[in-house]
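Enquirer: Can you read through this structure? Questions will come right after.
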Amino acid sequence: MRYIIQPAADATRQQVGGKAAALANLQQAGFPVPDWFALDPAAFDDSLAAAERARLAAACESGDDAAVTAVLATLTLDDAALAELTQAVATLSLDGQPLAVRSSASDEDGGAHSFAGQLASYLNVAPEDVATRVADVWRSAFSARILAYRRTHGLDTVPPAPAVLIQQMVAADISGVAFSADPATGRRGVAVVSAIAGLGEALVSGASEGETATVDRLGVIERIGQTEQRPLLNDDQLRAIAGLARRCEQHFGVPQDIEWAIAGGEIYLLQSRPITTLATLRDPDGAYALWDNSNIAESYGGVTTPLTFSFARHAYEEVYRELCRLLGVSETEIAAHADTFRRMIGLVRGRIYYSLFSWYDLLALAPGFSSNRRFMEQMMGVKEELPPALAARLSANGGRMRLLDALKLVRAVASLARHERRLPRDIERFYARLDAALAPGDIPLEAMRPDELVTHYRDLEGRLLAHWDAPLVNDLFAMLFYGLLRRLCIAWCGDKAGTLQNDLVGGQGGIISAEPARRVRALAILAAASPELTDILRTGAPDTIQREIARHPAFAEEYQAYLAKFADRCLEELKLESPTLRDDPTPLLRAIGHLAQRFASQESVSAALSASDAPDQSKRALAERTVRRRLAWHPVRRAAFNFVLARARARVRDRENLRFERTRVFGRVRRIFTELGRRFYALGLLENPRDIFYLEVEEALGLVTGTATTTDLKGLVVVRQAEFARWRATEPPPDRFETRGLVAVGPLAARLIPTSNEHSASNATDQRSGIGCCPGVVRGRARVVTDPKAAEVRASEILVAERTDPGWILLFAGAAGVVVERGSVLSHSAIVARELGIPAVVSVAGLTSWLKTGEMIEVNGTSGVITRITEDAQPIGATPREASHVQ
């Protein structure tokens with residue numbers, strides 16, 4: 001027969017439509033499907049004249065629903081199709097039993113669009129009425145509702161005619177629907193069964209709610225909203241129907257929505273289609289994870305490439321394993337928490353986040369955590385409650401476990417005390433080891449073969465990443481002694497504002513992070529002597545700038561010295577894909593030019609020079625006098641205070657300086673992979689040398705060593721570039737969010753970060769508060785910077801940013817004050833601002849959405865308060881373009 005299609009395992013969606021194709025597949029696999037056949041869509045085409053088909057298509061494309069209805073009003077089957085249909089119906093309908101006539105369109109019951117309930121279906125159709133109902137099904141495919149649905153979902157405006165499914169009716173005692181996963185909550189481990197007496201048409205259409213129950217993977221049943229009357233389905237039947245839905249899911253590989261019927265005690269499968277709502281739902285039973293970028297965004301802001309993430313993830317894993325060893329955690333415990341170390345950070349929609357539960361697990365490994373949990377949480381800046389599973393684990397520790405933990409703590413404290421005593425020596429040894437690892441070899445990187453580049457990387461990995469001991473110990477003691485210093489300032493020195501410690505640790509000099517700003521100032525002073533050089537630095541093309549620099553030997557010498565030491569200290573310096581000042585020195589040159597123009601307009605260059613020679617120690621001296629006065633009659637306290645102060649200063653200084661060594665290591669790794677990218681490009685493996693940043697570390701190295709799982713790097717890069725371009729073009733995830741189950745799939749539920757900031761709720765207020773990092777009060781116009789690459793902070797403006805990293809130091813050099821939405825008292829921006837004597841406030845919630853460039857603000861670096869002020873609030877003698885330090 002031309003128009004009649006009998007069930008077959010190879011029946012395709014295009015031939016018989018989605019519904020019939022699924023039933024054919026299931027029937028051939030042995031599922032209890034009632035007999036059926038399908039009427040080919042060609043019968044529809046042959047039942048309309050060519051002119052009518054053209055009119056129908058035009059009406060659909062124009063959205064003329066009335067014209068569509070008019071074309072189909074007199075639709076009847078072609079004689080040949082009618083004859084074949086009549087014969088097939090007679091064979092299927094034994095003794096004249098009624099039949100079901102259902103639509104089966106090619107794009108119906110698919111994974112993306114189900115068209116559920118939108119095309120017509122007819123039950124209990126007498127054999128002689130089947131042809132009429134077939135025509136009605138065809139008409140339903142062109143209804144106004146269907147055409148609107150197709151337009152809304154971007155489908156073809158002219159629907160394909162559906163195949164029509166003609167099936168034996170089941171004289172159902174009970175019927176209904178079942179879902180192999182809960183379509184409302186997203187629970188994948190729970191099947192949902194709904195039942196109604198007789199035919200299930202009322203249930204499917206929503207006219208009746210019927211009875212509903214859930215069945216979990218262990219067969220546990222929960223009946224929902226049922227009365228005390230005898231249920232339609234007993235427990236065995238519920239489990240059998242749930243099992244049928246799950247078998248359909250296993251057969252098709254995706255969760256299924258089925259229709260079923262029971263007749264004479266037998267269960268029949270009437271229909272199976274994918275559940276289309278689960279893609280937007282997370283499984284609430286899945287593993288819970290909490291993600292946060294509050295601190296890590298300073299290092300890895302925005303979208304981060306696969307190479308950087310894979311390198312950073314491995315570095316975190318190795319470094320924190322080493323930390324646990326330093327704290328005395330046993331190798332057995334470290335091995336048992338291998339997954340914790342692997343998940344210290346995650347990549348979600350192209351952006352790096354801390355996995356907070358992994359950090360909690362890491363904290364819980366620390367000796368003494370069970371008895372000093374609150375103190376350690378405060379030291380780590382943790383604001384969240386412990387996750388329930390971890391809290392339960394800790395609470396389960398009895399007296400014996402707490403005793404063992406206390407003994408471990410004693411050993412750990414003794415070990416840390418030894419480390420603290422020898423820390424200066426260990427830092428010197430670390431510097432020596434790092435210098436040796438980064439020392440130029442006989443063969444420069446530019447001349448190395450790919451295998452030599454891999455060997456050099458592995459050498460760095462073994463000598464440095466797995467032995468990052470001195471920076472780790474120093475970081476621990478920086479947090480410890482800084483925290484103790486703050487407490488002592490409050491308790492012993494009456495520092496109610498809690499900011500005296502900032503004055504005491506600032507302005508000490510010897511912090512390398514402040515050196516770039518001073519060098520930029522020095523270069524600007526040299527450039528200011530030549531208006532032509534100043535102008536070219538500000539506006540010239542790169543080649544023009546380089547030619548002009550060559551005409552000024554003193555400037556050229558200082559400029560090259562800057563690049564030799566700080567070329568890797570660039571914007572987003574820990575992202576391997578970030579171009580360094582070696583690649584593009586334009587940001588540096590522009591900053592020098594803008595500052596030089598400002599100096600040239602001052603009364604004398606010598607005044608600028610004297611202002612930039614050394615850190616301002618007046619605030620530090622004043623703070624020291626305050627301490628001496630408060631502790632004058634307390635010699636024991638004074639000795640203890642000075643002990644803590646000396647170590648806080650040393651540890652904070654060394655913390656920032658050791659972070660610069662991290663910059664050097666990342667710079668070398670960047671150069672290794674950049675060179676490897678050039679080798680791959682030369683071999684035709686990449687379209688561009690910089691495409692290597694779209695490979696993971698082991699993918700790139702494995703291509704050289706023979707452990708890569710793919711050699712089609714170009715194809716892999718194309719896929720990754722498209723995905724990461726999509727992440728750059730979409731709204732970033734919240735700063736803190738939670739996930740269940742698959743992290744990469746499903747919505748991200750934002751979770752508010754607890755805050756004590758009383759000004760964070762509304763943009764209407766004229767005042768916000770954060771953490772004061774460098775004392776002093778300054779008034780000036782805000783310069784809100786989102787992209788530092790092209791930004792200029794004009795004379796006496798206050799730099800306002802969401803976050804900063806060491807590359808922002810070029811903007812610090814000319815700023816009157818600094819206010820940052822993120823960060824802490826020990827973040828890079830806070831330390832550099834203190835060293836340069838710039839009033840600064842960090843951790844100001846909602847800052848960049850509250851302030852706009854040009855608004856007049858007052859920044860109190862002592863109290864941490866930022867106030868939006870009016871023009872008439874200016875101090876005497878200040879112009880609207882000036883910033884004034886208020887005494």
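Convention: chains lettered A, B, ... in structure tokens order; per-chain residue numbering from 1; ligands numbered from 1 as shown.
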Show me, as a list in words, the residues that have an atom within 7 Å of segment 771-775 of chain A when counting only C-alpha atoms, minus same-chain residues fewer than 5 positions from it.

Expert: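 Non-adjacent residues within range: Thr499, Asn502, Asp503, Val825, Ala830, Ala833, Arg834, Gly837, Ile838, Pro839, Ala840, Val841, Val842, Ser843, Gly861, Thr862, Ser863 and Gly864 of chain A.
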
Enquirer: What would the file look like if the residues just selected were written as a CSV table (one decimal), in the first residue's frame with C-alpha atoms?

Expert:
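See again08.csv below for the written result:
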```csv
chain,number,residue,atom,x,y,z
A,499,THR,CA,41.5,50.9,61.8
A,502,ASN,CA,46.2,49.8,59.1
A,503,ASP,CA,48.2,52.9,60.0
A,825,VAL,CA,42.4,44.6,54.3
A,830,ALA,CA,44.5,47.7,50.1
A,833,ALA,CA,47.1,52.1,48.7
A,834,ARG,CA,48.5,52.0,52.2
A,837,GLY,CA,49.5,56.8,51.3
A,838,ILE,CA,46.3,56.9,49.2
A,839,PRO,CA,43.0,57.0,51.2
A,840,ALA,CA,41.3,53.7,50.3
A,841,VAL,CA,38.1,51.8,51.1
A,842,VAL,CA,37.4,48.2,50.0
A,843,SER,CA,34.5,45.8,50.2
A,861,GLY,CA,39.8,55.8,54.5
A,862,THR,CA,39.7,55.5,58.3
A,863,SER,CA,36.0,54.8,58.9
A,864,GLY,CA,35.4,53.2,55.6
```

Enquirer: I'd like the neighbourhood of Ile866 of chain A as a list in words, where a residue qualifies if any of its atoms comes within 10 Å (using only C-alpha atoms), though same-chain residues fewer than 3 positions away should be ignored.

Expert: Asp766, Gln767, Arg768, Ser769, Gly770, Gly772, Val777, Val778, Arg779, Val819, Ala840, Val841, Val844, Leu847, Ile857, Glu858, Val859, Asn860, Gly861, Ser863 and Ile869 of chain A

Enquirer: I want to know what sits within 12 Å of Arg487 of chain A, based on only C-alpha atoms, with residues of the same chain fewer than 4 positions away left out; could you give that as number ranges by chain?

Expert: A: 379, 480-483, 491-501, 641, 644-645

Enquirer: Going by DSSP on the backbone, which bits of segment 703-778 of chain A are alpha helix (DSSP H)? Write them as a ChimeraX atom specification, please.

Expert: /A:703-705,713-729

Enquirer: Would you save the residues from that selection as a short mmCIF file (atom, residue, chain, number, x, y, z; two decimals), in the first residue's frame, using C-alpha atoms?

Expert:
```cif
data_model
loop_
_atom_site.label_atom_id
_atom_site.label_comp_id
_atom_site.auth_asym_id
_atom_site.auth_seq_id
_atom_site.Cartn_x
_atom_site.Cartn_y
_atom_site.Cartn_z
CA LEU A 703 50.17 16.18 22.24
CA VAL A 704 53.94 16.32 22.69
CA THR A 705 54.29 13.36 25.06
CA LEU A 713 43.34 20.68 18.03
CA LYS A 714 41.78 22.99 15.45
CA GLY A 715 38.38 21.33 15.83
CA LEU A 716 38.63 21.36 19.61
CA VAL A 717 39.57 25.05 19.64
CA VAL A 718 36.64 25.97 17.37
CA VAL A 719 34.18 24.31 19.77
CA ARG A 720 35.75 25.95 22.82
CA GLN A 721 35.98 29.40 21.24
CA ALA A 722 32.29 29.30 20.33
CA GLU A 723 31.31 28.27 23.85
CA PHE A 724 33.47 30.87 25.59
CA ALA A 725 32.30 33.59 23.20
CA ARG A 726 28.78 32.68 24.27
CA TRP A 727 29.74 33.07 27.95
CA ARG A 728 31.28 36.49 27.27
CA ALA A 729 28.08 37.63 25.56
#
```

Enquirer: Pick out the closest residue to Asn124 of chain A from this set: A:Ser93, A:Val254, A:Arg151, A:Leu278. Count only C-alpha atoms.

Expert: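 For Asn124 of chain A, the nearest of the candidates is A:Ser93.
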
Enquirer: Would you mind telling me which residue in A:Pro585, A:Pro274, A:Gly63, A:Gly746 lies nearest to Arg145 of chain A when using only C-alpha atoms?

Expert: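 Residue with the minimum atom-to-atom distance to Arg145 of chain A: A:Gly63.
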
Enquirer: Need the shell around Arg411 of chain A: protein/DNA/RNA residues with any atom at most 9 Å away, counting only C-alpha atoms. Skip same-chain ones fewer than 6 positions apart. Format as an MDAnalysis selection string?

Expert: chainID A and resid 327:328 367
